[in-house]
Amino acid sequence: MRKRSGLFLASGAAMLAASVSCADAQVIATDQEMVMPPWNAQQVFEPMPLPQLADPDTREDVAPEDTPVKTRAYPEYQARGIRAGSWMFNPSLTAGTFYDSNVFSSNFNRRSDVAGQLGAGLNAQSLWERHGISIRALTNSTWYRQNPGLDETDASLKGSGRFDIDSHTALLGAFQAAYLHEGVGSLSSPAGAVQPTPYSLFGADLTLRREFGRLSGSFGGRVDSYDFGSTVAQNGATIDQGARSGQVYAAHGRVEYAISGKSAVFTAGEFNVRDLRGSPGQPLSSDGYRVYSGFALELTRLIRGEIAGGYMAQRFDSPSIGTIQGPTYRARLTWSPTRQIDVHFNAEQLVTEASDTSSTGILANALQLGFDYEFRRNVVLSTIGTYEKDSFKGQDRQDNVYALDAKLKYMLNNVTSLSFQYRYLRRDSNIPEFSYDKHQVGINAAARF
């Protein structure tokens with residue numbers, strides 16, 4: 001069975017990943033570390049580990065070759081870490097460069113450039129027998145050779161914790177404090193911007209999880225607070241994004257019944273209130289909910305994941321948008337025909353929001369298909385293709401997004417690695433101003449200690 005860190009999954013925390021330097025235009029990101037703010041990572045809906053119903057003394061250890069290819073860790077390539085008492089620390093450094101064929105993600109102002117990146121991180125993990133705390137600090141700087149207005153530095157501090165009340169009950173918590181940027185041309189970046197939009201984020205989640213034999217449940221709440229700054233238009237004018245600042249509150253829960261150690265049925269839901277500053281003539285706030293029911297399965301090591309369907313509704317204060325509602329779906333499946341290949345299929349529908357000159361609700365439908373292939377124990381190729389259809393409410397706009405991502409990672413030893421990356425992104429809109437395509441090619445070197 002796949003081993004995963006269940007802390008964030010069970011808590012349902014929407015702790016947002018640090019922004020990447022490139023402009024990720026689609027709502028459904030192609031990687032877990034590429035999630036655009038502010039409401040697209042409701043992890044209460046992410047697959048959870050199936051329960052271990054067998055006697056602990058009779059369970060077999062999971063061999064590295066039976067874990068997911070992309071996160072597979074062999075002893076000779078694992079970072080050693082620095083132990084200090086009951087804590088383990090893992091510092092890291094990254095450096096790289098990439099070429100972008102369309103740095104402004106524009107149909108009319110196409111410019112190419114080369115950029116450099118430098119990042120550092122520190123993970124801290126408690127080693128206690130009971131309870132647990134994990135903290136991660138990250139910083140990443142990007143600077144462009146010919147377009148210094150695109151330079152940015154992101155920093156974030158994330159933490160999660162588990163307090164074991166008893167053998168069947170745990171209190172789960174998570175937080176994030178970050179200073180990040182929205183890439184130029186991304187879905188929620190203001191129209192006409194030629195510089196990234198800075199914003200600060202503080203989020204916290206608290207969840208109670210309880211197991212009753214085959215039945216388990218988790219219930220909790222979350223708050224995310226955003227403070228957006230200003231960016232610059234092509235004519236030099238300032239674009240104030242302060243109206244998008246505010247808080248997002250959410251209550252979430254999940255109930256699951258294990259039919260066996262290989263299958264389960266579940267119901268998960270969330271209610272949210274997006275209390276954004278807006279302006280007298282441009283309300284940005286909304287409230288809504290999503291509810292899913294479905295089943296989780298694991299057919300030996302061949303197929304595993306979740307399939308669910310449900311209903312969603314989001315009521316916007318803006319009369320030009322009104323309420324977006326209707327049936328919805330979600331699927332996360334992995335097929336492993338061999339121990340060297342994982343094939344992934346993802347599908348999802350959700351409601352999000354963009355803001356340029358007016359409040360805009362978006363109904364997004366996305367499909368993803370990709371695979372991870374282990375050439376050797378230290379060489380992994382990952383690719384994923386994405387199709388997304390964005391239907392804008394309050395505007396006569398329809399977009400189709402196509403993306404292809406490929407990454408080849410080569411572990412030289414347990415400290416250093418090299419990564420080669422390629423991305424193609426194309427957005428076709430019925431409004432020519434928002435259509436564009438771009439290629440990105442890059443290389444990164446990383447050191448983990």
# chains A, B, ... in the order shown; residues from 1 in each chain; ligands from 1
call {"tool": "residues_around", "arguments": {"residues": "Ser245 of chain A", "least_positions_apart": "6", "cutoff": "8 Å", "atoms": "only C-alpha atoms", "output": "list of chain:residue names"}}
result
A:Ser225, A:Tyr226, A:Asp227, A:Phe228, A:Leu276, A:Arg277, A:Gly278
call {"tool": "select_by_dssp", "arguments": {"residues": "segment 29-246 of chain A", "states": "helix (DSSP H, G or I)", "output": "PDB file with all heavy atoms, in the first residue's frame"}}
result
ATOM      1  N   GLN A  43      -7.673  20.419   0.454  1.00  0.00           N
ATOM      2  CA  GLN A  43      -7.095  19.093   0.600  1.00  0.00           C
ATOM      3  C   GLN A  43      -7.982  18.120   1.371  1.00  0.00           C
ATOM      4  O   GLN A  43      -7.645  16.955   1.493  1.00  0.00           O
ATOM      5  CB  GLN A  43      -5.711  19.207   1.251  1.00  0.00           C
ATOM      6  CG  GLN A  43      -4.751  19.952   0.340  1.00  0.00           C
ATOM      7  CD  GLN A  43      -3.310  19.720   0.711  1.00  0.00           C
ATOM      8  OE1 GLN A  43      -2.968  18.758   1.372  1.00  0.00           O
ATOM      9  NE2 GLN A  43      -2.440  20.602   0.265  1.00  0.00           N
ATOM     10  N   VAL A  44      -9.097  18.595   1.913  1.00  0.00           N
ATOM     11  CA  VAL A  44     -10.054  17.655   2.491  1.00  0.00           C
ATOM     12  C   VAL A  44     -10.567  16.704   1.410  1.00  0.00           C
ATOM     13  O   VAL A  44     -11.048  15.609   1.699  1.00  0.00           O
ATOM     14  CB  VAL A  44     -11.230  18.401   3.149  1.00  0.00           C
ATOM     15  CG1 VAL A  44     -12.081  19.118   2.111  1.00  0.00           C
ATOM     16  CG2 VAL A  44     -12.085  17.447   3.976  1.00  0.00           C
ATOM     17  N   PHE A  45     -10.446  17.096   0.145  1.00  0.00           N
ATOM     18  CA  PHE A  45     -10.906  16.265  -0.949  1.00  0.00           C
ATOM     19  C   PHE A  45      -9.786  15.423  -1.551  1.00  0.00           C
ATOM     20  O   PHE A  45     -10.006  14.695  -2.510  1.00  0.00           O
ATOM     21  CB  PHE A  45     -11.530  17.137  -2.043  1.00  0.00           C
ATOM     22  CG  PHE A  45     -12.694  17.945  -1.555  1.00  0.00           C
ATOM     23  CD1 PHE A  45     -12.711  19.322  -1.696  1.00  0.00           C
ATOM     24  CD2 PHE A  45     -13.771  17.337  -0.929  1.00  0.00           C
ATOM     25  CE1 PHE A  45     -13.779  20.083  -1.236  1.00  0.00           C
ATOM     26  CE2 PHE A  45     -14.840  18.085  -0.458  1.00  0.00           C
ATOM     27  CZ  PHE A  45     -14.852  19.455  -0.613  1.00  0.00           C
ATOM     28  N   PRO A  56      -0.996  -5.331  13.401  1.00  0.00           N
ATOM     29  CA  PRO A  56       0.289  -4.662  13.167  1.00  0.00           C
ATOM     30  C   PRO A  56       1.479  -5.609  13.182  1.00  0.00           C
ATOM     31  O   PRO A  56       2.452  -5.386  12.468  1.00  0.00           O
ATOM     32  CB  PRO A  56       0.368  -3.649  14.317  1.00  0.00           C
ATOM     33  CG  PRO A  56      -1.062  -3.401  14.702  1.00  0.00           C
ATOM     34  CD  PRO A  56      -1.769  -4.716  14.479  1.00  0.00           C
ATOM     35  N   ASP A  57       1.394  -6.683  13.988  1.00  0.00           N
ATOM     36  CA  ASP A  57       2.523  -7.601  14.076  1.00  0.00           C
ATOM     37  C   ASP A  57       2.669  -8.462  12.836  1.00  0.00           C
ATOM     38  O   ASP A  57       3.725  -9.073  12.616  1.00  0.00           O
ATOM     39  CB  ASP A  57       2.372  -8.497  15.310  1.00  0.00           C
ATOM     40  CG  ASP A  57       2.439  -7.707  16.611  1.00  0.00           C
ATOM     41  OD1 ASP A  57       3.085  -6.641  16.615  1.00  0.00           O
ATOM     42  OD2 ASP A  57       1.824  -8.144  17.605  1.00  0.00           O
ATOM     43  N   THR A  58       1.621  -8.549  12.012  1.00  0.00           N
ATOM     44  CA  THR A  58       1.677  -9.404  10.821  1.00  0.00           C
ATOM     45  C   THR A  58       1.835  -8.614   9.523  1.00  0.00           C
ATOM     46  O   THR A  58       1.921  -9.195   8.457  1.00  0.00           O
ATOM     47  CB  THR A  58       0.405 -10.265  10.719  1.00  0.00           C
ATOM     48  OG1 THR A  58      -0.742  -9.399  10.556  1.00  0.00           O
ATOM     49  CG2 THR A  58       0.221 -11.107  11.969  1.00  0.00           C
ATOM     50  N   PRO A  64      10.787  -0.203  -1.124  1.00  0.00           N
ATOM     51  CA  PRO A  64      10.848   1.038  -1.906  1.00  0.00           C
ATOM     52  C   PRO A  64      10.234   0.899  -3.294  1.00  0.00           C
ATOM     53  O   PRO A  64       9.583   1.814  -3.788  1.00  0.00           O
ATOM     54  CB  PRO A  64      12.354   1.330  -1.979  1.00  0.00           C
ATOM     55  CG  PRO A  64      12.922   0.685  -0.763  1.00  0.00           C
ATOM     56  CD  PRO A  64      12.099  -0.556  -0.557  1.00  0.00           C
ATOM     57  N   GLU A  65      10.422  -0.262  -3.938  1.00  0.00           N
ATOM     58  CA  GLU A  65       9.907  -0.437  -5.293  1.00  0.00           C
ATOM     59  C   GLU A  65       8.390  -0.555  -5.349  1.00  0.00           C
ATOM     60  O   GLU A  65       7.807  -0.556  -6.437  1.00  0.00           O
ATOM     61  CB  GLU A  65      10.537  -1.660  -5.964  1.00  0.00           C
ATOM     62  CG  GLU A  65      10.372  -2.961  -5.213  1.00  0.00           C
ATOM     63  CD  GLU A  65      11.497  -3.237  -4.238  1.00  0.00           C
ATOM     64  OE1 GLU A  65      12.186  -2.276  -3.846  1.00  0.00           O
ATOM     65  OE2 GLU A  65      11.688  -4.405  -3.884  1.00  0.00           O
ATOM     66  N   ASP A  66       7.714  -0.635  -4.201  1.00  0.00           N
ATOM     67  CA  ASP A  66       6.255  -0.671  -4.170  1.00  0.00           C
ATOM     68  C   ASP A  66       5.657   0.679  -3.757  1.00  0.00           C
ATOM     69  O   ASP A  66       4.453   0.786  -3.551  1.00  0.00           O
ATOM     70  CB  ASP A  66       5.764  -1.757  -3.198  1.00  0.00           C
ATOM     71  CG  ASP A  66       5.949  -3.161  -3.778  1.00  0.00           C
ATOM     72  OD1 ASP A  66       5.863  -3.298  -5.008  1.00  0.00           O
ATOM     73  OD2 ASP A  66       6.172  -4.101  -2.989  1.00  0.00           O
ATOM     74  N   PRO A  75      17.701   3.845  -0.033  1.00  0.00           N
ATOM     75  CA  PRO A  75      18.605   4.256   1.050  1.00  0.00           C
ATOM     76  C   PRO A  75      19.844   4.993   0.567  1.00  0.00           C
ATOM     77  O   PRO A  75      20.287   5.969   1.186  1.00  0.00           O
ATOM     78  CB  PRO A  75      18.961   2.926   1.731  1.00  0.00           C
ATOM     79  CG  PRO A  75      17.793   2.030   1.434  1.00  0.00           C
ATOM     80  CD  PRO A  75      17.317   2.423   0.067  1.00  0.00           C
ATOM     81  N   GLU A  76      20.430   4.545  -0.557  1.00  0.00           N
ATOM     82  CA  GLU A  76      21.674   5.166  -1.022  1.00  0.00           C
ATOM     83  C   GLU A  76      21.471   6.564  -1.603  1.00  0.00           C
ATOM     84  O   GLU A  76      22.441   7.290  -1.839  1.00  0.00           O
ATOM     85  CB  GLU A  76      22.354   4.276  -2.065  1.00  0.00           C
ATOM     86  CG  GLU A  76      21.560   4.051  -3.340  1.00  0.00           C
ATOM     87  CD  GLU A  76      20.660   2.830  -3.291  1.00  0.00           C
ATOM     88  OE1 GLU A  76      20.164   2.500  -2.199  1.00  0.00           O
ATOM     89  OE2 GLU A  76      20.470   2.199  -4.349  1.00  0.00           O
ATOM     90  N   TYR A  77      20.203   6.963  -1.820  1.00  0.00           N
ATOM     91  CA  TYR A  77      19.931   8.298  -2.369  1.00  0.00           C
ATOM     92  C   TYR A  77      19.106   9.160  -1.416  1.00  0.00           C
ATOM     93  O   TYR A  77      18.607  10.211  -1.799  1.00  0.00           O
ATOM     94  CB  TYR A  77      19.209   8.181  -3.711  1.00  0.00           C
ATOM     95  CG  TYR A  77      20.056   7.514  -4.770  1.00  0.00           C
ATOM     96  CD1 TYR A  77      19.744   6.241  -5.238  1.00  0.00           C
ATOM     97  CD2 TYR A  77      21.182   8.156  -5.280  1.00  0.00           C
ATOM     98  CE1 TYR A  77      20.526   5.628  -6.197  1.00  0.00           C
ATOM     99  CE2 TYR A  77      21.969   7.546  -6.241  1.00  0.00           C
ATOM    100  CZ  TYR A  77      21.637   6.279  -6.695  1.00  0.00           C
ATOM    101  OH  TYR A  77      22.429   5.668  -7.652  1.00  0.00           O
ATOM    102  N   PRO A 148      14.192  43.198 -15.759  1.00  0.00           N
ATOM    103  CA  PRO A 148      14.323  43.173 -14.287  1.00  0.00           C
ATOM    104  C   PRO A 148      13.019  43.443 -13.558  1.00  0.00           C
ATOM    105  O   PRO A 148      12.907  43.122 -12.365  1.00  0.00           O
ATOM    106  CB  PRO A 148      15.363  44.262 -14.012  1.00  0.00           C
ATOM    107  CG  PRO A 148      15.310  45.168 -15.203  1.00  0.00           C
ATOM    108  CD  PRO A 148      15.002  44.276 -16.373  1.00  0.00           C
ATOM    109  N   GLY A 149      12.016  44.016 -14.248  1.00  0.00           N
ATOM    110  CA  GLY A 149      10.740  44.234 -13.583  1.00  0.00           C
ATOM    111  C   GLY A 149      10.045  42.945 -13.203  1.00  0.00           C
ATOM    112  O   GLY A 149       9.126  42.961 -12.362  1.00  0.00           O
ATOM    113  N   LEU A 150      10.456  41.827 -13.786  1.00  0.00           N
ATOM    114  CA  LEU A 150       9.866  40.528 -13.467  1.00  0.00           C
ATOM    115  C   LEU A 150      10.563  39.832 -12.303  1.00  0.00           C
ATOM    116  O   LEU A 150      10.126  38.763 -11.870  1.00  0.00           O
ATOM    117  CB  LEU A 150       9.907  39.614 -14.694  1.00  0.00           C
ATOM    118  CG  LEU A 150       9.065  40.058 -15.896  1.00  0.00           C
ATOM    119  CD1 LEU A 150       9.347  39.163 -17.104  1.00  0.00           C
ATOM    120  CD2 LEU A 150       7.580  40.013 -15.553  1.00  0.00           C
ATOM    121  N   GLY A 242      -5.395  45.993  -3.891  1.00  0.00           N
ATOM    122  CA  GLY A 242      -5.816  45.918  -2.494  1.00  0.00           C
ATOM    123  C   GLY A 242      -7.244  45.460  -2.311  1.00  0.00           C
ATOM    124  O   GLY A 242      -7.597  44.914  -1.255  1.00  0.00           O
ATOM    125  N   ALA A 243      -8.099  45.669  -3.330  1.00  0.00           N
ATOM    126  CA  ALA A 243      -9.499  45.251  -3.210  1.00  0.00           C
ATOM    127  C   ALA A 243      -9.630  43.735  -3.077  1.00  0.00           C
ATOM    128  O   ALA A 243     -10.656  43.239  -2.608  1.00  0.00           O
ATOM    129  CB  ALA A 243     -10.300  45.733  -4.426  1.00  0.00           C
ATOM    130  N   ARG A 244      -8.611  42.989  -3.455  1.00  0.00           N
ATOM    131  CA  ARG A 244      -8.666  41.527  -3.371  1.00  0.00           C
ATOM    132  C   ARG A 244      -8.239  41.005  -2.006  1.00  0.00           C
ATOM    133  O   ARG A 244      -8.284  39.799  -1.756  1.00  0.00           O
ATOM    134  CB  ARG A 244      -7.783  40.915  -4.456  1.00  0.00           C
ATOM    135  CG  ARG A 244      -8.218  41.290  -5.866  1.00  0.00           C
ATOM    136  CD  ARG A 244      -7.168  40.922  -6.896  1.00  0.00           C
ATOM    137  NE  ARG A 244      -6.871  39.500  -6.863  1.00  0.00           N
ATOM    138  CZ  ARG A 244      -5.803  38.955  -7.453  1.00  0.00           C
ATOM    139  NH1 ARG A 244      -4.938  39.727  -8.078  1.00  0.00           N
ATOM    140  NH2 ARG A 244      -5.609  37.660  -7.399  1.00  0.00           N
TER     141      ARG A 244
END
call {"tool": "closest_residue", "arguments": {"among": "A:Gln195, A:Thr169, A:Ser318, A:Gln146", "to": "Thr207 of chain A", "atoms": "only C-alpha atoms"}}
result
A:Thr169
call {"tool": "atom_distance", "arguments": {"atom1": "atom CA of Asn272 of chain A", "atom2": "atom CA of Arg222 of chain A"}}
result
9.3 Å
call {"tool": "residues_around", "arguments": {"residues": "Val401 of chain A", "least_positions_apart": "2", "cutoff": "8 Å", "atoms": "only C-alpha atoms", "output": "list in words"}}
result
Gln26, Thr386, Tyr387, Glu388, Lys389, Asp390, Asp399, Ala403, Leu425, Arg426, Arg427 and Asp428 of chain A
call {"tool": "write_last_selection", "arguments": {"atoms": "all heavy atoms", "output": "JSON list (two decimals), in the first residue's frame"}}
result
[["chain", "number", "residue", "atom", "x", "y", "z"],
["A", 26, "GLN", "N", -3.28, 27.96, -15.71],
["A", 26, "GLN", "CA", -4.45, 27.15, -15.46],
["A", 26, "GLN", "C", -4.79, 27.08, -13.98],
["A", 26, "GLN", "O", -3.94, 27.25, -13.12],
["A", 26, "GLN", "CB", -4.28, 25.74, -16.03],
["A", 26, "GLN", "CG", -3.15, 24.94, -15.41],
["A", 26, "GLN", "CD", -1.88, 25.03, -16.20],
["A", 26, "GLN", "OE1", -1.42, 26.12, -16.49],
["A", 26, "GLN", "NE2", -1.31, 23.92, -16.54],
["A", 386, "THR", "N", -2.24, 18.45, -19.64],
["A", 386, "THR", "CA", -3.43, 19.03, -19.02],
["A", 386, "THR", "C", -4.31, 19.70, -20.07],
["A", 386, "THR", "O", -3.79, 20.41, -20.95],
["A", 386, "THR", "CB", -3.05, 20.08, -17.96],
["A", 386, "THR", "OG1", -2.23, 19.49, -16.97],
["A", 386, "THR", "CG2", -4.30, 20.66, -17.28],
["A", 387, "TYR", "N", -5.60, 19.46, -19.96],
["A", 387, "TYR", "CA", -6.58, 20.24, -20.71],
["A", 387, "TYR", "C", -7.56, 20.84, -19.72],
["A", 387, "TYR", "O", -8.06, 20.15, -18.83],
["A", 387, "TYR", "CB", -7.36, 19.39, -21.71],
["A", 387, "TYR", "CG", -8.56, 20.13, -22.27],
["A", 387, "TYR", "CD1", -8.41, 21.17, -23.18],
["A", 387, "TYR", "CD2", -9.85, 19.82, -21.83],
["A", 387, "TYR", "CE1", -9.50, 21.88, -23.66],
["A", 387, "TYR", "CE2", -10.96, 20.52, -22.31],
["A", 387, "TYR", "CZ", -10.77, 21.55, -23.22],
["A", 387, "TYR", "OH", -11.86, 22.25, -23.68],
["A", 388, "GLU", "N", -7.82, 22.14, -19.87],
["A", 388, "GLU", "CA", -8.74, 22.82, -18.97],
["A", 388, "GLU", "C", -9.66, 23.75, -19.76],
["A", 388, "GLU", "O", -9.20, 24.45, -20.67],
["A", 388, "GLU", "CB", -7.98, 23.63, -17.93],
["A", 388, "GLU", "CG", -8.89, 24.39, -16.97],
["A", 388, "GLU", "CD", -8.09, 25.12, -15.89],
["A", 388, "GLU", "OE1", -7.20, 24.49, -15.30],
["A", 388, "GLU", "OE2", -8.35, 26.30, -15.65],
["A", 389, "LYS", "N", -10.92, 23.73, -19.40],
["A", 389, "LYS", "CA", -11.89, 24.64, -20.00],
["A", 389, "LYS", "C", -12.38, 25.59, -18.92],
["A", 389, "LYS", "O", -12.91, 25.15, -17.90],
["A", 389, "LYS", "CB", -13.07, 23.88, -20.60],
["A", 389, "LYS", "CG", -14.10, 24.78, -21.30],
["A", 389, "LYS", "CD", -15.21, 23.97, -21.95],
["A", 389, "LYS", "CE", -16.20, 24.88, -22.67],
["A", 389, "LYS", "NZ", -15.57, 25.63, -23.78],
["A", 390, "ASP", "N", -12.17, 26.89, -19.12],
["A", 390, "ASP", "CA", -12.57, 27.92, -18.17],
["A", 390, "ASP", "C", -13.75, 28.71, -18.72],
["A", 390, "ASP", "O", -13.64, 29.34, -19.79],
["A", 390, "ASP", "CB", -11.41, 28.89, -17.89],
["A", 390, "ASP", "CG", -10.25, 28.21, -17.19],
["A", 390, "ASP", "OD1", -10.49, 27.22, -16.49],
["A", 390, "ASP", "OD2", -9.10, 28.68, -17.35],
["A", 399, "ASP", "N", -12.26, 30.11, -22.31],
["A", 399, "ASP", "CA", -10.86, 29.80, -22.56],
["A", 399, "ASP", "C", -10.65, 28.29, -22.57],
["A", 399, "ASP", "O", -11.27, 27.55, -21.79],
["A", 399, "ASP", "CB", -9.96, 30.40, -21.48],
["A", 399, "ASP", "CG", -9.88, 31.91, -21.56],
["A", 399, "ASP", "OD1", -10.64, 32.50, -22.35],
["A", 399, "ASP", "OD2", -9.05, 32.49, -20.83],
["A", 403, "ALA", "N", -1.55, 22.27, -21.69],
["A", 403, "ALA", "CA", -0.22, 22.35, -21.08],
["A", 403, "ALA", "C", 0.46, 20.98, -21.14],
["A", 403, "ALA", "O", -0.20, 19.94, -21.04],
["A", 403, "ALA", "CB", -0.31, 22.81, -19.63],
["A", 425, "LEU", "N", 2.80, 25.82, -22.75],
["A", 425, "LEU", "CA", 1.52, 26.29, -22.25],
["A", 425, "LEU", "C", 0.84, 27.12, -23.34],
["A", 425, "LEU", "O", 1.45, 28.01, -23.93],
["A", 425, "LEU", "CB", 1.72, 27.15, -21.00],
["A", 425, "LEU", "CG", 0.46, 27.71, -20.33],
["A", 425, "LEU", "CD1", -0.42, 26.59, -19.82],
["A", 425, "LEU", "CD2", 0.85, 28.65, -19.19],
["A", 426, "ARG", "N", -0.45, 26.81, -23.57],
["A", 426, "ARG", "CA", -1.21, 27.55, -24.58],
["A", 426, "ARG", "C", -2.60, 27.84, -24.05],
["A", 426, "ARG", "O", -3.29, 26.94, -23.57],
["A", 426, "ARG", "CB", -1.31, 26.74, -25.87],
["A", 426, "ARG", "CG", -2.16, 27.40, -26.96],
["A", 426, "ARG", "CD", -2.17, 26.56, -28.21],
["A", 426, "ARG", "NE", -3.06, 27.11, -29.23],
["A", 426, "ARG", "CZ", -3.25, 26.57, -30.43],
["A", 426, "ARG", "NH1", -2.59, 25.47, -30.74],
["A", 426, "ARG", "NH2", -4.07, 27.12, -31.28],
["A", 427, "ARG", "N", -2.99, 29.11, -24.10],
["A", 427, "ARG", "CA", -4.34, 29.51, -23.70],
["A", 427, "ARG", "C", -5.04, 30.10, -24.92],
["A", 427, "ARG", "O", -4.59, 31.10, -25.48],
["A", 427, "ARG", "CB", -4.30, 30.54, -22.56],
["A", 427, "ARG", "CG", -5.69, 31.06, -22.17],
["A", 427, "ARG", "CD", -5.63, 31.94, -20.93],
["A", 427, "ARG", "NE", -5.39, 31.16, -19.73],
["A", 427, "ARG", "CZ", -6.34, 30.59, -19.00],
["A", 427, "ARG", "NH1", -7.61, 30.68, -19.37],
["A", 427, "ARG", "NH2", -6.02, 29.92, -17.91],
["A", 428, "ASP", "N", -6.13, 29.44, -25.34],
["A", 428, "ASP", "CA", -6.96, 29.92, -26.44],
["A", 428, "ASP", "C", -8.23, 30.53, -25.87],
["A", 428, "ASP", "O", -9.02, 29.84, -25.23],
["A", 428, "ASP", "CB", -7.32, 28.77, -27.39],
["A", 428, "ASP", "CG", -6.13, 28.31, -28.20],
["A", 428, "ASP", "OD1", -5.22, 29.12, -28.43],
["A", 428, "ASP", "OD2", -6.11, 27.12, -28.61]]
call {"tool": "atom_distance", "arguments": {"atom1": "atom CA of Leu93 of chain A", "atom2": "atom CA of Ala120 of chain A"}}
result
4.5 Å
call {"tool": "atom_distance", "arguments": {"atom1": "atom CA of Asn102 of chain A", "atom2": "atom CA of His439 of chain A"}}
result
7.3 Å
call {"tool": "closest_residue", "arguments": {"among": "A:Tyr329, A:Val194, A:Phe434, A:Thr383", "to": "Gly236 of chain A", "atoms": "only C-alpha atoms"}}
result
A:Val194
call {"tool": "closest_residue", "arguments": {"among": "A:Gly203, A:Gly281, A:Gly326, A:Pro319", "to": "Tyr249 of chain A", "atoms": "only C-alpha atoms"}}
result
A:Gly203
call {"tool": "residues_around", "arguments": {"residues": "Thr323 of chain A", "least_positions_apart": "4", "cutoff": "8 Å", "atoms": "only C-alpha atoms", "output": "PyMOL selection string"}}
result
chain A and resi 313-316
call {"tool": "residues_around", "arguments": {"residues": "Leu208 of chain A", "least_positions_apart": "5", "cutoff": "6 Å", "atoms": "only C-alpha atoms", "output": "number ranges by chain"}}
result
A: 171, 218-219
call {"tool": "select_by_dssp", "arguments": {"residues": "segment 161-363 of chain A", "states": "strand (DSSP E)", "output": "NGL selection string"}}
result
:A and (161-166 or 169-182 or 197-212 or 215-228 or 230-232 or 238-240 or 246-260 or 263-276 or 286-299 or 303-316 or 323-338 or 341-355 or 359-363)
call {"tool": "closest_residue", "arguments": {"among": "A:Thr71, A:Gln125, A:Asn107, A:Ser167", "to": "Ile431 of chain A", "atoms": "only C-alpha atoms"}}
result
A:Asn107
call {"tool": "decode", "arguments": {"residues": "segment 404-408 of chain A", "atoms": "all heavy atoms", "output": "mmCIF file, in the first residue's frame"}}
result
data_model
loop_
_atom_site.group_PDB
_atom_site.id
_atom_site.type_symbol
_atom_site.label_atom_id
_atom_site.label_comp_id
_atom_site.auth_asym_id
_atom_site.auth_seq_id
_atom_site.Cartn_x
_atom_site.Cartn_y
_atom_site.Cartn_z
ATOM 1 N N LEU A 404 1.761 21.006 -21.337
ATOM 2 C CA LEU A 404 2.582 19.799 -21.301
ATOM 3 C C LEU A 404 3.803 20.089 -20.454
ATOM 4 O O LEU A 404 4.535 21.050 -20.706
ATOM 5 C CB LEU A 404 3.004 19.386 -22.710
ATOM 6 C CG LEU A 404 3.965 18.191 -22.779
ATOM 7 C CD1 LEU A 404 3.281 16.920 -22.253
ATOM 8 C CD2 LEU A 404 4.470 17.984 -24.200
ATOM 9 N N ASP A 405 4.009 19.268 -19.427
ATOM 10 C CA ASP A 405 5.159 19.403 -18.546
ATOM 11 C C ASP A 405 5.976 18.124 -18.561
ATOM 12 O O ASP A 405 5.410 17.021 -18.501
ATOM 13 C CB ASP A 405 4.711 19.700 -17.116
ATOM 14 C CG ASP A 405 4.083 21.065 -16.965
ATOM 15 O OD1 ASP A 405 2.881 21.200 -17.259
ATOM 16 O OD2 ASP A 405 4.801 21.990 -16.578
ATOM 17 N N ALA A 406 7.296 18.276 -18.620
ATOM 18 C CA ALA A 406 8.197 17.122 -18.583
ATOM 19 C C ALA A 406 9.388 17.455 -17.695
ATOM 20 O O ALA A 406 9.917 18.576 -17.741
ATOM 21 C CB ALA A 406 8.664 16.748 -19.978
ATOM 22 N N LYS A 407 9.795 16.485 -16.889
ATOM 23 C CA LYS A 407 10.931 16.688 -15.990
ATOM 24 C C LYS A 407 11.741 15.398 -15.907
ATOM 25 O O LYS A 407 11.199 14.316 -15.677
ATOM 26 C CB LYS A 407 10.441 17.083 -14.596
ATOM 27 C CG LYS A 407 11.556 17.282 -13.574
ATOM 28 C CD LYS A 407 10.990 17.705 -12.219
ATOM 29 C CE LYS A 407 12.082 17.897 -11.187
ATOM 30 N NZ LYS A 407 11.541 18.310 -9.882
ATOM 31 N N LEU A 408 13.037 15.526 -16.108
ATOM 32 C CA LEU A 408 13.965 14.405 -15.955
ATOM 33 C C LEU A 408 14.862 14.698 -14.761
ATOM 34 O O LEU A 408 15.607 15.685 -14.758
ATOM 35 C CB LEU A 408 14.807 14.231 -17.216
ATOM 36 C CG LEU A 408 15.804 13.068 -17.189
ATOM 37 C CD1 LEU A 408 15.069 11.728 -17.136
ATOM 38 C CD2 LEU A 408 16.739 13.125 -18.389
#
